[in-house]
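Source file model.cif; content: mmCIF, C-alpha atoms.
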data_query
loop_
_atom_site.label_atom_id
_atom_site.label_comp_id
_atom_site.auth_asym_id
_atom_site.auth_seq_id
_atom_site.Cartn_x
_atom_site.Cartn_y
_atom_site.Cartn_z
CA ASP A 1 -90.32 -83.63 51.85
CA GLY A 2 -86.71 -84.29 52.84
CA GLY A 3 -85.84 -87.73 53.98
CA ILE A 4 -84.10 -91.03 53.41
CA THR A 5 -85.44 -93.56 50.95
CA GLN A 6 -84.46 -97.20 51.12
CA SER A 7 -85.36 -99.74 48.49
CA PRO A 8 -86.51 -102.37 48.18
CA LYS A 9 -88.54 -102.71 51.37
CA TYR A 10 -88.54 -106.51 51.10
CA LEU A 11 -86.05 -108.65 49.20
CA PHE A 12 -85.71 -112.38 48.76
CA ARG A 13 -82.56 -113.93 47.38
CA LYS A 14 -81.06 -117.35 46.95
CA GLU A 15 -77.98 -118.29 48.92
CA GLY A 16 -74.76 -117.37 47.15
CA GLN A 17 -76.15 -114.37 45.30
CA ASN A 18 -74.95 -110.84 45.84
CA VAL A 19 -77.65 -108.26 46.53
CA THR A 20 -77.50 -104.47 46.61
CA LEU A 21 -79.68 -102.34 48.90
CA SER A 22 -80.30 -98.77 47.86
CA CYS A 23 -80.20 -95.72 50.15
CA GLU A 24 -80.85 -92.19 48.91
CA GLN A 25 -81.14 -89.00 50.96
CA ASN A 26 -82.16 -85.46 50.04
CA LEU A 27 -81.30 -83.88 53.39
CA ASN A 28 -77.96 -82.52 52.14
CA HIS A 29 -76.22 -84.58 54.81
CA ASP A 30 -72.53 -85.39 54.48
CA ALA A 31 -72.50 -88.54 56.60
CA MET A 32 -74.33 -91.79 55.90
CA TYR A 33 -74.49 -95.10 57.70
CA TRP A 34 -75.63 -98.69 57.35
CA TYR A 35 -76.84 -100.68 60.34
CA ARG A 36 -77.96 -104.28 60.63
CA GLN A 37 -80.69 -105.38 63.04
CA ASP A 38 -81.41 -108.99 64.03
CA PRO A 39 -84.45 -110.10 66.06
CA GLY A 40 -84.09 -109.17 69.72
CA GLN A 41 -80.88 -107.29 69.00
CA GLY A 42 -79.91 -103.69 68.82
CA LEU A 43 -78.48 -102.04 65.76
CA ARG A 44 -74.95 -102.91 64.73
CA LEU A 45 -72.89 -100.67 62.48
CA ILE A 46 -71.76 -102.15 59.16
CA TYR A 47 -70.18 -99.19 57.33
CA TYR A 48 -70.27 -95.43 57.49
CA SER A 49 -69.19 -92.59 55.25
CA GLN A 50 -68.38 -89.07 56.40
CA ILE A 51 -67.90 -87.63 52.94
CA VAL A 52 -68.13 -88.53 49.26
CA ASN A 53 -65.57 -91.09 48.05
CA ASP A 54 -64.66 -92.07 51.60
CA PHE A 55 -66.06 -94.75 53.90
CA GLN A 56 -65.03 -96.67 56.99
CA LYS A 57 -65.73 -100.16 58.30
CA GLY A 58 -68.02 -100.49 61.27
CA ASP A 59 -68.22 -103.32 63.76
CA ILE A 60 -69.51 -106.01 61.38
CA ALA A 61 -68.21 -105.10 57.89
CA GLU A 62 -67.17 -108.62 56.82
CA GLY A 63 -69.20 -109.84 53.86
CA TYR A 64 -70.46 -106.35 52.96
CA SER A 65 -69.28 -103.63 50.60
CA VAL A 66 -70.33 -100.03 50.00
CA SER A 67 -69.64 -97.12 47.69
CA ARG A 68 -70.12 -93.38 48.06
CA GLU A 69 -69.81 -91.85 44.61
CA LYS A 70 -72.51 -89.23 45.23
CA LYS A 71 -73.44 -87.30 48.34
CA GLU A 72 -77.04 -88.45 48.09
CA SER A 73 -76.41 -92.17 47.67
CA PHE A 74 -74.83 -94.90 49.80
CA PRO A 75 -75.66 -98.37 48.43
CA LEU A 76 -74.86 -101.50 50.41
CA THR A 77 -73.94 -104.79 48.73
CA VAL A 78 -74.45 -107.96 50.71
CA THR A 79 -72.01 -110.41 49.18
CA SER A 80 -72.05 -114.19 49.12
CA ALA A 81 -69.26 -114.05 51.71
CA GLN A 82 -71.70 -112.84 54.36
CA LYS A 83 -72.48 -116.00 56.32
CA ASN A 84 -75.86 -115.02 57.72
CA PRO A 85 -77.31 -112.21 55.59
CA THR A 86 -80.99 -112.54 56.56
CA ALA A 87 -81.69 -109.40 58.60
CA PHE A 88 -83.30 -105.98 58.68
CA TYR A 89 -81.03 -103.28 57.24
CA LEU A 90 -81.33 -99.63 58.19
CA CYS A 91 -79.70 -96.72 56.43
CA ALA A 92 -79.18 -93.42 58.25
CA SER A 93 -77.64 -90.02 57.71
CA SER A 94 -76.43 -87.07 59.76
CA PRO A 95 -75.30 -83.56 58.81
CA GLY A 96 -71.63 -84.41 59.09
CA PRO A 97 -68.62 -83.92 61.35
CA GLU A 98 -68.76 -80.14 61.40
CA ARG A 99 -72.51 -79.82 61.90
CA ASP A 100 -73.43 -82.92 63.83
CA THR A 101 -75.46 -83.06 67.02
CA GLY A 102 -75.16 -86.82 66.97
CA GLU A 103 -78.75 -87.50 65.95
CA LEU A 104 -79.19 -89.95 63.12
CA PHE A 105 -82.03 -89.72 60.61
CA PHE A 106 -83.21 -93.15 59.48
CA GLY A 107 -84.84 -94.65 56.45
CA GLU A 108 -87.68 -97.17 56.76
CA GLY A 109 -85.41 -100.17 56.35
CA SER A 110 -84.99 -103.10 53.98
CA ARG A 111 -85.78 -106.63 55.06
CA LEU A 112 -83.55 -109.18 53.33
CA THR A 113 -84.39 -112.88 53.42
CA VAL A 114 -81.96 -115.37 51.97
CA LEU A 115 -83.53 -118.70 51.07
CA ALA M 116 -65.17 -98.79 74.10
CA GLN M 117 -68.58 -97.44 74.93
CA LYS M 118 -71.45 -99.75 75.84
CA ILE M 119 -75.20 -99.44 76.41
CA THR M 120 -77.18 -101.87 78.57
CA GLN M 121 -80.95 -102.15 78.55
CA THR M 122 -81.90 -104.80 81.08
CA GLN M 123 -85.64 -104.96 80.41
CA PRO M 124 -86.44 -107.12 77.37
CA GLY M 125 -90.14 -106.27 77.72
CA MET M 126 -92.38 -103.95 79.72
CA PHE M 127 -96.15 -103.79 80.14
CA VAL M 128 -98.09 -100.69 81.11
CA GLN M 129 -101.73 -99.71 81.15
CA GLU M 130 -102.94 -96.83 79.09
CA LYS M 131 -102.60 -93.43 80.82
CA GLU M 132 -100.01 -94.70 83.30
CA ALA M 133 -96.37 -93.66 83.37
CA VAL M 134 -93.55 -96.08 82.56
CA THR M 135 -89.77 -95.96 82.98
CA LEU M 136 -87.43 -97.72 80.56
CA ASP M 137 -83.97 -98.34 81.96
CA CYS M 138 -80.67 -97.57 80.29
CA THR M 139 -77.17 -97.69 81.72
CA TYR M 140 -74.01 -96.84 79.86
CA ASP M 141 -70.32 -97.35 80.19
CA THR M 142 -67.73 -94.92 78.93
CA SER M 143 -64.65 -93.18 80.28
CA ASP M 144 -65.08 -90.30 77.87
CA PRO M 145 -66.36 -87.15 79.66
CA SER M 146 -68.11 -85.74 76.59
CA TYR M 147 -70.97 -87.77 75.19
CA GLY M 148 -74.60 -87.66 74.16
CA LEU M 149 -77.38 -90.05 75.03
CA PHE M 150 -80.28 -90.70 72.67
CA TRP M 151 -83.56 -92.56 72.79
CA TYR M 152 -85.24 -93.89 69.65
CA LYS M 153 -88.62 -95.55 69.16
CA GLN M 154 -89.09 -98.32 66.60
CA PRO M 155 -92.73 -99.22 65.80
CA SER M 156 -93.55 -102.52 64.12
CA SER M 157 -93.17 -100.82 60.73
CA GLY M 158 -89.43 -100.63 61.35
CA GLU M 159 -88.46 -96.98 61.06
CA MET M 160 -86.42 -95.43 63.87
CA ILE M 161 -87.96 -92.32 65.40
CA PHE M 162 -85.80 -89.95 67.45
CA LEU M 163 -87.38 -89.13 70.82
CA ILE M 164 -85.02 -87.26 73.09
CA TYR M 165 -81.37 -86.26 73.62
CA GLN M 166 -79.26 -85.59 76.72
CA GLY M 167 -75.74 -84.19 76.61
CA SER M 168 -73.28 -85.20 79.30
CA TYR M 169 -72.74 -81.59 80.33
CA ASP M 170 -76.41 -80.63 80.34
CA GLN M 171 -77.40 -79.46 83.80
CA GLN M 172 -81.07 -80.23 83.47
CA ASN M 173 -82.86 -83.41 82.48
CA ALA M 174 -84.15 -83.32 78.93
CA THR M 175 -87.88 -83.23 78.27
CA GLU M 176 -89.88 -83.49 75.04
CA GLY M 177 -93.62 -83.52 75.50
CA ARG M 178 -94.56 -86.76 77.27
CA TYR M 179 -90.96 -87.97 77.20
CA SER M 180 -88.40 -87.09 79.83
CA LEU M 181 -84.96 -88.42 80.52
CA ASN M 182 -83.94 -89.20 84.10
CA PHE M 183 -80.20 -88.57 83.79
CA GLN M 184 -78.06 -89.69 86.71
CA LYS M 185 -74.50 -89.09 85.65
CA ALA M 186 -72.78 -90.59 88.69
CA ARG M 187 -74.74 -93.81 88.22
CA LYS M 188 -74.26 -93.68 84.45
CA SER M 189 -77.95 -94.12 83.83
CA ALA M 190 -80.27 -92.40 81.38
CA ASN M 191 -83.75 -93.78 81.91
CA LEU M 192 -86.62 -92.77 79.63
CA VAL M 193 -89.87 -91.83 81.33
CA ILE M 194 -93.06 -91.85 79.29
CA SER M 195 -95.95 -90.15 81.02
CA ALA M 196 -99.62 -90.86 80.29
CA SER M 197 -98.95 -93.87 78.05
CA GLN M 198 -100.95 -94.22 74.86
CA LEU M 199 -101.69 -97.30 72.76
CA GLY M 200 -99.49 -95.85 70.03
CA ASP M 201 -96.50 -95.98 72.39
CA SER M 202 -96.33 -99.76 71.91
CA ALA M 203 -92.98 -100.26 70.19
CA MET M 204 -89.33 -101.14 70.69
CA TYR M 205 -87.29 -98.47 72.45
CA PHE M 206 -83.54 -98.13 72.00
CA CYS M 207 -81.05 -96.20 74.06
CA ALA M 208 -77.85 -95.09 72.32
CA ILE M 209 -74.64 -93.21 73.11
CA ARG M 210 -72.27 -91.14 71.05
CA LEU M 211 -68.82 -89.97 72.16
CA PHE M 212 -67.67 -86.49 71.20
CA ASN M 213 -64.01 -86.49 72.24
CA SER M 214 -62.81 -89.63 70.48
CA GLY M 215 -62.52 -88.44 66.92
CA TYR M 216 -65.51 -89.03 64.74
CA SER M 217 -67.87 -91.63 66.13
CA THR M 218 -71.40 -92.77 65.53
CA LEU M 219 -74.16 -94.11 67.75
CA THR M 220 -73.78 -97.31 69.75
CA PHE M 221 -77.16 -98.87 70.54
CA GLY M 222 -78.47 -101.08 73.30
CA LYS M 223 -80.53 -104.19 72.57
CA GLY M 224 -83.80 -102.43 73.20
CA THR M 225 -86.91 -102.80 75.33
CA MET M 226 -90.28 -103.84 73.92
CA LEU M 227 -93.08 -101.76 75.45
CA LEU M 228 -96.67 -102.95 75.26
CA VAL M 229 -99.44 -100.57 76.27
CA SER M 230 -102.77 -102.21 77.12
CA PRO M 231 -106.20 -100.53 77.14
#

Represent the supplied structure as structure tokens.
Amino acid sequence: DGGITQSPKYLFRKEGQNVTLSCEQNLNHDAMYWYRQDPGQGLRLIYYSQIVNDFQKGDIAEGYSVSREKKESFPLTVTSAQKNPTAFYLCASSPGPERDTGELFFGEGSRLTVL
Amino acid sequence: AQKITQTQPGMFVQEKEAVTLDCTYDTSDPSYGLFWYKQPSSGEMIFLIYQGSYDQQNATEGRYSLNFQKARKSANLVISASQLGDSAMYFCAIRLFNSGYSTLTFGKGTMLLVSP
């Protein structure tokens, strides 16, 4: 079945450590996104990528980094510079600028807890 | 910049009754799309329904319908015949289509609890 796979589902890290969240899609979508969700809050955009080897900052990019070396993969690194990294992270994809209806297809999320 | 407001932090409804979840939006762009997503406790985001700004009729998808009032800039979600499985967070979102490439901007959500 086509879809978006995020791993790990749960992750615990010590303060000051970098951590990388994986996102893989087999939907043949060009665009991919990372959102952060805090309790009682909506989703806030961290980074997005419309095409391989290109990505743009979202509303809350500070303390995060991404790469887009393959169409299928869009990993997110939460660096030690991110002041409050404990959150639920959602990866999404969409067909891309030429084929988009606007709908995003989401993975099941990764819950990061920094101790 | 576009903005979505969901004023109901939580809503309660009895099984089999209808419920309306409110959503208002703010944009000066004439071309946009409005989306509703459901997020169960497991965390995944499930697409429910879409309304384009130029659509003449209100969108419907099974038990979900969207009460679109363009002049009031509101896009309320109506769930008919509520089921226990409808208990979840519900998010309204907007995407602009005339401002270059943009993605979805979400509201803060409404928690719906359906009781037996």

For each of M:Ser156, M:Ser180, M:Thr142, M:Ser189, take the minimum atom-to-atom distance to Met226 of chain M, counting all atoms listed in the file, then give the residue where this is smallest.
M:Ser156

What would the selection look like, as an mmCIF file with C-alpha atoms, keeping the file's coordinate frame, if the PyMOL selection byres ((chain M) within 9 of (chain A)) were run on the coordinates I just shared?
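Final output, saved to expr.cif:
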data_model
loop_
_atom_site.group_PDB
_atom_site.id
_atom_site.type_symbol
_atom_site.label_atom_id
_atom_site.label_comp_id
_atom_site.auth_asym_id
_atom_site.auth_seq_id
_atom_site.Cartn_x
_atom_site.Cartn_y
_atom_site.Cartn_z
ATOM 1 C CA PRO M 124 -86.440 -107.120 77.370
ATOM 2 C CA GLY M 148 -74.600 -87.660 74.160
ATOM 3 C CA LEU M 149 -77.380 -90.050 75.030
ATOM 4 C CA PHE M 150 -80.280 -90.700 72.670
ATOM 5 C CA SER M 157 -93.170 -100.820 60.730
ATOM 6 C CA GLY M 158 -89.430 -100.630 61.350
ATOM 7 C CA GLU M 159 -88.460 -96.980 61.060
ATOM 8 C CA MET M 160 -86.420 -95.430 63.870
ATOM 9 C CA ILE M 161 -87.960 -92.320 65.400
ATOM 10 C CA PHE M 162 -85.800 -89.950 67.450
ATOM 11 C CA TYR M 165 -81.370 -86.260 73.620
ATOM 12 C CA PHE M 206 -83.540 -98.130 72.000
ATOM 13 C CA ILE M 209 -74.640 -93.210 73.110
ATOM 14 C CA ARG M 210 -72.270 -91.140 71.050
ATOM 15 C CA LEU M 211 -68.820 -89.970 72.160
ATOM 16 C CA PHE M 212 -67.670 -86.490 71.200
ATOM 17 C CA TYR M 216 -65.510 -89.030 64.740
ATOM 18 C CA SER M 217 -67.870 -91.630 66.130
ATOM 19 C CA THR M 218 -71.400 -92.770 65.530
ATOM 20 C CA LEU M 219 -74.160 -94.110 67.750
ATOM 21 C CA THR M 220 -73.780 -97.310 69.750
ATOM 22 C CA PHE M 221 -77.160 -98.870 70.540
ATOM 23 C CA GLY M 222 -78.470 -101.080 73.300
ATOM 24 C CA LYS M 223 -80.530 -104.190 72.570
ATOM 25 C CA GLY M 224 -83.800 -102.430 73.200
ATOM 26 C CA THR M 225 -86.910 -102.800 75.330
#

I'd like the residues picked by the PyMOL selection byres ((chain A and resi 80) around 8) written out as a list in words, using the chain letters and numbers from the file.
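Listing what the PyMOL selection byres ((chain A and resi 80) around 8) selects in the shown file: Glu15, Gly16, Gln17, Asn18, Gly63, Val78, Thr79, Ala81, Gln82 and Lys83 of chain A.
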
Report the residues retrieved by the PyMOL selection byres ((chain M and resi 227) around 12) from the displayed file, expressed as JSON, numbers by chain.
{"M": [123, 124, 125, 126, 127, 128, 129, 130, 133, 134, 135, 136, 137, 153, 154, 155, 156, 192, 193, 194, 197, 198, 199, 200, 201, 202, 203, 204, 205, 206, 224, 225, 226, 228, 229, 230]}

Quote the spacing between atom CA of Gln166 of chain M and atom CA of Ile51 of chain A in Å to one decimal place.
26.4 Å

Provide the atom CA of Asn28 of chain A to atom CA of Ile60 of chain A distance in Å, to one decimal place.
26.6 Å
